[in-house]
Amino acid sequence: MSITTNRVSLVAWAGALALAWMIIAAGTVNAATLRRGASLGADGSNGQDTFFSGYFDFGTGSTLDNMIKLENPTAVNGNLCAMIYVFDSREEMGECCGCLLTPNQVRYGSVKTLIGGKWIGQLPTRGVIQVVSALPNNGASCAPTTNYLATPTLDGWVTHAQTISSISSLTEVPLTDNGNTDAAEGSNLVFLCGAIVGNGSGFGVCTCPTSDESGVP
């Protein structure tokens, strides 16, 4: 192979690498596909600490519940949205919602209340909650169905009620900090949320955890 051919190959490879980096750094979530892992959209993040996840499990008792807490711990990035996406144990999204948190605000509440009102299909007893920390994208409010700029950094915890071998306990664990959503997952969350909310039936919308602040739902 000639030196000229090698040089052309090197230039082509460098161009492809630069294009891939531009896609990764683009900074907006773009809905593209219903299938996980098939999207080539941007990852929706301008930094780490924007994508969190945790599980819920109500067990077999009718009175068991889990609790979720979300916090905006700093005024550095101003008001932030918790873009919440809830999946059942079969990896199917059943609800989503966007919840505004002002600096130093905490929201907390029952996971059954979060997902209990308008779930698409049979209400699950266990599943996954994914949360993206983002700037408001609908004026001063939060729309999980449309493009947003994922921005650090919310905190979150889930308290699990569990009974094992007749021993009952409560365990609070932080949401797992996954860094930021990859291109496929970031786009997929927005697309799926738009699909289940967009039919106009009123279903597929979760209920934001409450706040002690006056006038905040």
# chains A, B, ... in the order shown; residues from 1 in each chain; ligands from 1

$ residues_around --residues "Cys142 of chain A" --least-positions-apart "5" --cutoff "7 Å" --atoms "only C-alpha atoms" --output "CSV table (one decimal) with C-alpha atoms, in the first residue's frame"
chain,number,residue,atom,x,y,z
A,81,CYS,CA,-36.4,18.9,36.1
A,98,GLY,CA,-41.5,15.7,34.5
A,99,CYS,CA,-41.2,17.2,38.0
A,100,LEU,CA,-39.7,20.7,38.6
A,136,PRO,CA,-36.8,23.1,32.1
A,137,ASN,CA,-37.8,22.7,28.4

$ select_by_dssp --residues "segment 40-106 of chain A" --states "strand (DSSP E)" --output "ChimeraX atom specification"
/A:51-57,66-71,80-88,93-101,106

$ closest_residue --among "A:Thr159, A:Ser110, A:Asn180, A:Gln122" --to "Gly54 of chain A" --atoms "only C-alpha atoms"
A:Thr159

$ select_by_dssp --residues "segment 75-213 of chain A" --states "helix (DSSP H, G or I)" --output "mmCIF file with N, CA and C atoms, in the first residue's frame"
data_model
loop_
_atom_site.group_PDB
_atom_site.id
_atom_site.type_symbol
_atom_site.label_atom_id
_atom_site.label_comp_id
_atom_site.auth_asym_id
_atom_site.auth_seq_id
_atom_site.Cartn_x
_atom_site.Cartn_y
_atom_site.Cartn_z
ATOM 1 N N VAL A 111 -44.175 5.453 46.040
ATOM 2 C CA VAL A 111 -43.996 4.991 44.667
ATOM 3 C C VAL A 111 -45.326 4.493 44.109
ATOM 4 N N LYS A 112 -46.165 3.894 44.967
ATOM 5 C CA LYS A 112 -47.483 3.466 44.501
ATOM 6 C C LYS A 112 -48.304 4.661 44.036
ATOM 7 N N THR A 113 -48.171 5.784 44.731
ATOM 8 C CA THR A 113 -48.865 6.997 44.299
ATOM 9 C C THR A 113 -48.255 7.536 43.014
ATOM 10 N N LEU A 114 -46.927 7.460 42.913
ATOM 11 C CA LEU A 114 -46.222 7.923 41.716
ATOM 12 C C LEU A 114 -46.754 7.239 40.462
ATOM 13 N N ILE A 115 -46.968 5.932 40.537
ATOM 14 C CA ILE A 115 -47.330 5.179 39.334
ATOM 15 C C ILE A 115 -48.765 4.662 39.350
ATOM 16 N N GLY A 116 -49.496 4.867 40.466
ATOM 17 C CA GLY A 116 -50.755 4.147 40.639
ATOM 18 C C GLY A 116 -51.932 4.617 39.837
ATOM 19 N N ALA A 183 -26.407 7.508 23.787
ATOM 20 C CA ALA A 183 -27.221 8.007 22.683
ATOM 21 C C ALA A 183 -28.514 7.224 22.525
ATOM 22 N N ALA A 184 -28.431 5.910 22.635
ATOM 23 C CA ALA A 184 -29.618 5.080 22.431
ATOM 24 C C ALA A 184 -30.626 5.261 23.553
ATOM 25 N N GLU A 185 -30.169 5.202 24.801
ATOM 26 C CA GLU A 185 -31.090 5.259 25.930
ATOM 27 C C GLU A 185 -31.730 6.635 26.065
ATOM 28 N N GLY A 186 -30.956 7.696 25.898
ATOM 29 C CA GLY A 186 -31.506 9.036 26.013
ATOM 30 C C GLY A 186 -32.621 9.290 25.023
ATOM 31 N N SER A 187 -32.413 8.906 23.780
ATOM 32 C CA SER A 187 -33.443 9.083 22.761
ATOM 33 C C SER A 187 -34.628 8.169 23.001
ATOM 34 N N ASN A 188 -34.348 6.956 23.441
ATOM 35 C CA ASN A 188 -35.407 5.974 23.632
ATOM 36 C C ASN A 188 -36.379 6.393 24.729
ATOM 37 N N LEU A 189 -35.861 6.959 25.824
ATOM 38 C CA LEU A 189 -36.724 7.394 26.913
ATOM 39 C C LEU A 189 -37.725 8.439 26.431
ATOM 40 N N VAL A 190 -37.245 9.438 25.695
ATOM 41 C CA VAL A 190 -38.111 10.506 25.214
ATOM 42 C C VAL A 190 -39.136 9.968 24.218
ATOM 43 N N PHE A 191 -38.694 9.092 23.339
ATOM 44 C CA PHE A 191 -39.590 8.566 22.312
ATOM 45 C C PHE A 191 -40.695 7.713 22.916
ATOM 46 N N LEU A 192 -40.331 6.807 23.806
ATOM 47 C CA LEU A 192 -41.333 5.942 24.432
ATOM 48 C C LEU A 192 -42.327 6.752 25.250
ATOM 49 N N CYS A 193 -41.816 7.743 25.974
ATOM 50 C CA CYS A 193 -42.695 8.590 26.778
ATOM 51 C C CYS A 193 -43.684 9.320 25.874
ATOM 52 N N GLY A 194 -43.201 9.865 24.780
ATOM 53 C CA GLY A 194 -44.085 10.547 23.848
ATOM 54 C C GLY A 194 -45.123 9.618 23.252
ATOM 55 N N ALA A 195 -44.740 8.362 23.030
ATOM 56 C CA ALA A 195 -45.664 7.404 22.435
ATOM 57 C C ALA A 195 -46.809 7.055 23.367
ATOM 58 N N ILE A 196 -46.523 6.879 24.665
ATOM 59 C CA ILE A 196 -47.581 6.466 25.589
ATOM 60 C C ILE A 196 -48.433 7.645 26.055
ATOM 61 N N VAL A 197 -47.855 8.855 26.058
ATOM 62 C CA VAL A 197 -48.613 10.027 26.485
ATOM 63 C C VAL A 197 -49.361 10.662 25.314
#

$ decode --residues "segment 51-81 of chain A" --atoms "N, CA and C atoms" --output "compact mmCIF listing (two decimals), in the first residue's frame"
# COMPACT_ATOMS: atom_id res chain seq x y z
N PHE A 51 -27.99 11.05 34.88
CA PHE A 51 -28.84 9.89 34.63
C PHE A 51 -28.80 8.95 35.83
N PHE A 52 -29.97 8.76 36.46
CA PHE A 52 -30.05 7.97 37.69
C PHE A 52 -31.10 6.87 37.53
N SER A 53 -30.92 5.80 38.27
CA SER A 53 -31.89 4.70 38.19
C SER A 53 -31.98 3.99 39.54
N GLY A 54 -33.12 3.35 39.75
CA GLY A 54 -33.34 2.56 40.95
C GLY A 54 -34.49 1.61 40.71
N TYR A 55 -34.67 0.66 41.61
CA TYR A 55 -35.75 -0.30 41.44
C TYR A 55 -36.80 -0.09 42.51
N PHE A 56 -38.01 -0.56 42.25
CA PHE A 56 -39.05 -0.62 43.27
C PHE A 56 -39.59 -2.04 43.32
N ASP A 57 -40.04 -2.47 44.50
CA ASP A 57 -40.56 -3.81 44.68
C ASP A 57 -41.55 -3.77 45.83
N PHE A 58 -42.82 -3.98 45.52
CA PHE A 58 -43.86 -3.92 46.55
C PHE A 58 -44.04 -5.24 47.30
N GLY A 59 -43.35 -6.28 46.88
CA GLY A 59 -43.48 -7.57 47.54
C GLY A 59 -44.86 -8.16 47.32
N THR A 60 -45.28 -9.02 48.23
CA THR A 60 -46.57 -9.72 48.09
C THR A 60 -47.65 -9.16 48.98
N GLY A 61 -47.32 -8.29 49.91
CA GLY A 61 -48.33 -7.74 50.82
C GLY A 61 -49.04 -6.54 50.20
N SER A 62 -50.34 -6.44 50.41
CA SER A 62 -51.11 -5.37 49.79
C SER A 62 -50.78 -4.00 50.37
N THR A 63 -50.22 -3.95 51.56
CA THR A 63 -49.93 -2.66 52.20
C THR A 63 -48.49 -2.22 51.99
N LEU A 64 -47.66 -3.06 51.38
CA LEU A 64 -46.26 -2.69 51.19
C LEU A 64 -46.14 -1.59 50.14
N ASP A 65 -45.17 -0.74 50.33
CA ASP A 65 -44.93 0.36 49.42
C ASP A 65 -43.45 0.68 49.44
N ASN A 66 -43.01 1.46 48.49
CA ASN A 66 -41.68 2.03 48.50
C ASN A 66 -41.83 3.55 48.50
N MET A 67 -40.81 4.25 48.96
CA MET A 67 -40.84 5.71 48.98
C MET A 67 -39.71 6.24 48.11
N ILE A 68 -39.97 7.35 47.43
CA ILE A 68 -38.94 7.98 46.61
C ILE A 68 -38.73 9.41 47.09
N LYS A 69 -37.47 9.84 47.10
CA LYS A 69 -37.11 11.21 47.44
C LYS A 69 -36.22 11.77 46.33
N LEU A 70 -36.48 12.99 45.92
CA LEU A 70 -35.67 13.68 44.91
C LEU A 70 -35.28 15.04 45.45
N GLU A 71 -34.04 15.46 45.21
CA GLU A 71 -33.53 16.72 45.76
C GLU A 71 -32.73 17.46 44.70
N ASN A 72 -32.92 18.78 44.67
CA ASN A 72 -32.05 19.67 43.90
C ASN A 72 -31.12 20.33 44.90
N PRO A 73 -29.89 19.85 45.06
CA PRO A 73 -29.06 20.24 46.20
C PRO A 73 -28.33 21.57 46.06
N THR A 74 -28.43 22.24 44.91
CA THR A 74 -27.60 23.42 44.70
C THR A 74 -28.30 24.40 43.78
N ALA A 75 -27.92 25.67 43.90
CA ALA A 75 -28.46 26.71 43.02
C ALA A 75 -27.58 26.94 41.80
N VAL A 76 -26.52 26.15 41.65
CA VAL A 76 -25.56 26.37 40.56
C VAL A 76 -26.24 26.35 39.20
N ASN A 77 -27.13 25.38 38.98
CA ASN A 77 -27.80 25.27 37.69
C ASN A 77 -29.27 25.70 37.74
N GLY A 78 -29.65 26.35 38.85
CA GLY A 78 -31.00 26.88 38.95
C GLY A 78 -32.05 25.80 39.08
N ASN A 79 -33.25 26.09 38.56
CA ASN A 79 -34.32 25.10 38.59
C ASN A 79 -33.97 23.91 37.70
N LEU A 80 -34.28 22.71 38.18
CA LEU A 80 -34.01 21.51 37.41
C LEU A 80 -35.26 20.65 37.33
N CYS A 81 -35.31 19.84 36.30
CA CYS A 81 -36.41 18.89 36.11
C CYS A 81 -35.94 17.48 36.42
